[in-house]
Protein chains: 2
Amino acid sequence: MDIYRILSAGVPPENGHVRVQCLLFLTLFLCASTSLAQRTPASLAEKLGYSPDAKLLIVHADDLGMTHAVNAASIKGLESGLVTSASMMVPCPWFPEIADYAKNHPDADLGLHLTLTSERVYLRWGPVASKDKVPSLLDPAGYFFLDWSPAAHIEAAEVAVELRAQIERALAMGVRPTHVDSHQYRLFASGKDLFQVLLGVAHEYRFPVFIARDWFADHPYLESSLAPGDIVLDHTVTIDPSVPSEKWVNFYETALRNLQPGVTEFVIHLAFDDEEMRAATRERPTWGSAWRQRDFDYFTSAEFRNLLQQQHIQLITWRELARAAKGK
Amino acid sequence: MDIYRILSAGVPPENGHVRVQCLLFLTLFLCASTSLAQRTPASLAEKLGYSPDAKLLIVHADDLGMTHAVNAASIKGLESGLVTSASMMVPCPWFPEIADYAKNHPDADLGLHLTLTSERVYLRWGPVASKDKVPSLLDPAGYFFLDWSPAAHIEAAEVAVELRAQIERALAMGVRPTHVDSHQYRLFASGKDLFQVLLGVAHEYRFPVFIARDWFADHPYLESSLAPGDIVLDHTVTIDPSVPSEKWVNFYETALRNLQPGVTEFVIHLAFDDEEMRAATRERPTWGSAWRQRDFDYFTSAEFRNLLQQQHIQLITWRELARAAKGK
């Protein structure tokens, strides 16, 4: 539209020769720009209807369903309007509580945090699939492994069985997920085979998958596995154990002040620091109870809201991304 | 022992004739009392080494493993010395926490609360066995049923599979159960076949089963199914929804003041009335968060301790019962 306006502005209205020359130029220019567009497709921001330099942010809470304290804090975060999206762990004990919320709040942007590990010591969970169908995922007591050791041999076919079982339980309970991602990034960071299982299952159900361009350098198989319709976020930000608690706010404020144009997802972990959560995470402080309360405090604060406005950052959801990807 | 003392007291030391008569009488009496003993076996109290009119009480907390609030309150109850025994739900999310406690406190009197229902709405659990081995126990989402409707058809063979899976997980996690019982009394009150499965599995592992003579009138198959070595408690007391909260202490005090000689088990439900517990039980008040806090408050109180002393009630454990039953 801008190109037409510029060209039109350059055309003297009373000169036929110049007008013909201009039309010829316009034709050539449009051919060239079409060819350029084929080489550099519209950015995700543009597909969403924003200018390419817009700073778009998904504020995404992980781990819903793990405990009541996670559910309660995440619901409060979502309802503040400052946390825009979240994902739920189907194998976890409190999934029924958050599934009930999802069913009764169909506009809430809730996906599935596909889960194959049970990383806590005192509160644990196992597969949704029948155990004899997924033996490579289980420890001797029948729980998911706390984590996957480098020596663990995880059968890709069993991962597919378990992911489908998690999705089918969610659907059976009335949940309509907006997207899927992977707990502890296991299905992004454990090799091409497992990532392709995740991607294949997500394609079957037409769920967008959380994938960020930031990860391509470390895991080249991510990019090479993608289909043309897959959504790729431009950036992702998540706090890690190197940040001391007193620098928490500073870390997020720096990230927000330096936010790049395009679509960024902040991966955060919300919970109330109460008896349940302290007991559930007591074996180590990382991603623990106090950690999650700090995330809750910052991402529901007036300071965060004000900084978003000051930096002209626009909050978006996975539902918007999925709609844009489908061209709706 | 008392009989010997009474008879001895009746024998004049210096009269031989009388002494012979007395010996004859003693012989006849002992023959008669042996024959009597064969017809009326020693009571459970006597087997434990108490007099037959002793008032012996197991104060037993149910549902450990269900939530952290249940575990924390039950541990505090056990450590007060006033709650003598408890049982753990292996399929529940917080079983690893209480299994860890059991392993590190081998003297704690902890059994298994064998569980085939998942009676809460927002916090749920399913089988320890592979799901395709126990389909009659599962709802469409793969959890245990909330409860068993009269129309439910529960396969006895699948119950056996699931009970063994729960016991094997507990053993694999280092737990050495002192006894077993049945969550929501399902395996006592659902017909002869299921009770015989429970009893058979308990016999395999040599675990005593909580059975009370009080139940025989309603379920005659209980008594007829027992083997000679099975322990039968004389009485059981549990509070029910007909008792209003302001009558809670009164109910228990009345029960204690009227406690009958023999072995009684008080079945109680402990938890702290906190955010987690309120959320876990919010669909109904029965056996809910406030209910369990009331039980905790009474059974750890000085009033309860004093009443035990005043009524000459002696606290015992399942470990003592099992030892007595084995004649050790």
# chains A, B, ... in the order shown; residues from 1 in each chain; ligands from 1
call {"tool": "closest_atom_pairs", "arguments": {"of": "chain B", "to": "chain A", "cutoff": "9 Å", "atoms": "only C-alpha atoms", "output": "Markdown table"}}
result
| residue | atom | partner | partner_atom | distance |
| --- | --- | --- | --- | --- |
| B:Thr67 | CA | A:Glu276 | CA | 8.3 |
| B:His68 | CA | A:Glu276 | CA | 6.0 |
| B:Ala69 | CA | A:Glu276 | CA | 7.2 |
| B:Cys92 | CA | A:Pro93 | CA | 8.2 |
| B:Pro93 | CA | A:Leu123 | CA | 5.5 |
| B:Trp94 | CA | A:Leu123 | CA | 4.9 |
| B:Phe95 | CA | A:Leu123 | CA | 7.3 |
| B:Pro96 | CA | A:Tyr122 | CA | 5.0 |
| B:Glu97 | CA | A:Tyr122 | CA | 4.3 |
| B:Ile98 | CA | A:Tyr122 | CA | 8.1 |
| B:Ala99 | CA | A:Tyr122 | CA | 8.9 |
| B:Asp100 | CA | A:Tyr122 | CA | 7.9 |
| B:Val121 | CA | A:Pro96 | CA | 7.1 |
| B:Tyr122 | CA | A:Glu97 | CA | 4.3 |
| B:Leu123 | CA | A:Trp94 | CA | 4.9 |
| B:Arg124 | CA | A:Pro93 | CA | 5.6 |
| B:Trp125 | CA | A:Pro93 | CA | 6.4 |
| B:Val128 | CA | A:Gly142 | CA | 7.3 |
| B:Ala129 | CA | A:Lys131 | CA | 7.3 |
| B:Ser130 | CA | A:Lys131 | CA | 4.6 |
| B:Lys131 | CA | A:Ser130 | CA | 4.6 |
| B:Asp132 | CA | A:Ser130 | CA | 5.9 |
| B:Lys133 | CA | A:Ser130 | CA | 8.4 |
| B:Pro140 | CA | A:Ala172 | CA | 7.6 |
| B:Ala141 | CA | A:Arg169 | CA | 5.4 |
| B:Gly142 | CA | A:Val128 | CA | 7.3 |
| B:Glu168 | CA | A:Ala141 | CA | 8.4 |
| B:Arg169 | CA | A:Ala141 | CA | 5.4 |
| B:Ala170 | CA | A:Ala141 | CA | 8.3 |
| B:Ala172 | CA | A:Ala141 | CA | 6.4 |
| B:Met173 | CA | A:Ala141 | CA | 7.0 |
| B:Asp274 | CA | A:Glu275 | CA | 8.3 |
| B:Glu275 | CA | A:Ala69 | CA | 8.0 |
| B:Glu276 | CA | A:His68 | CA | 6.0 |
| B:Ala279 | CA | A:His68 | CA | 7.2 |
| B:Ala280 | CA | A:His68 | CA | 8.1 |
call {"tool": "calpha_fit_rmsd", "arguments": {"fixed": "chain A", "moving": "chain B"}}
result
0.7 Å
call {"tool": "residues_around", "arguments": {"residues": "Gln184 (chain A)", "least_positions_apart": "3", "cutoff": "12 Å", "atoms": "only C-alpha atoms", "output": "number ranges by chain"}}
result
A: 62-63, 89, 113-119, 146-148, 181, 187-190, 238, 267, 269, 287
call {"tool": "atom_distance", "arguments": {"atom1": "CA of Ala108 (chain B)", "atom2": "CA of Ser87 (chain B)"}}
result
10.6 Å
call {"tool": "closest_residue", "arguments": {"among": "A:Val209, A:Val70, A:Ala86, A:Ala151", "to": "Asp230 (chain A)", "atoms": "only C-alpha atoms"}}
result
A:Val209
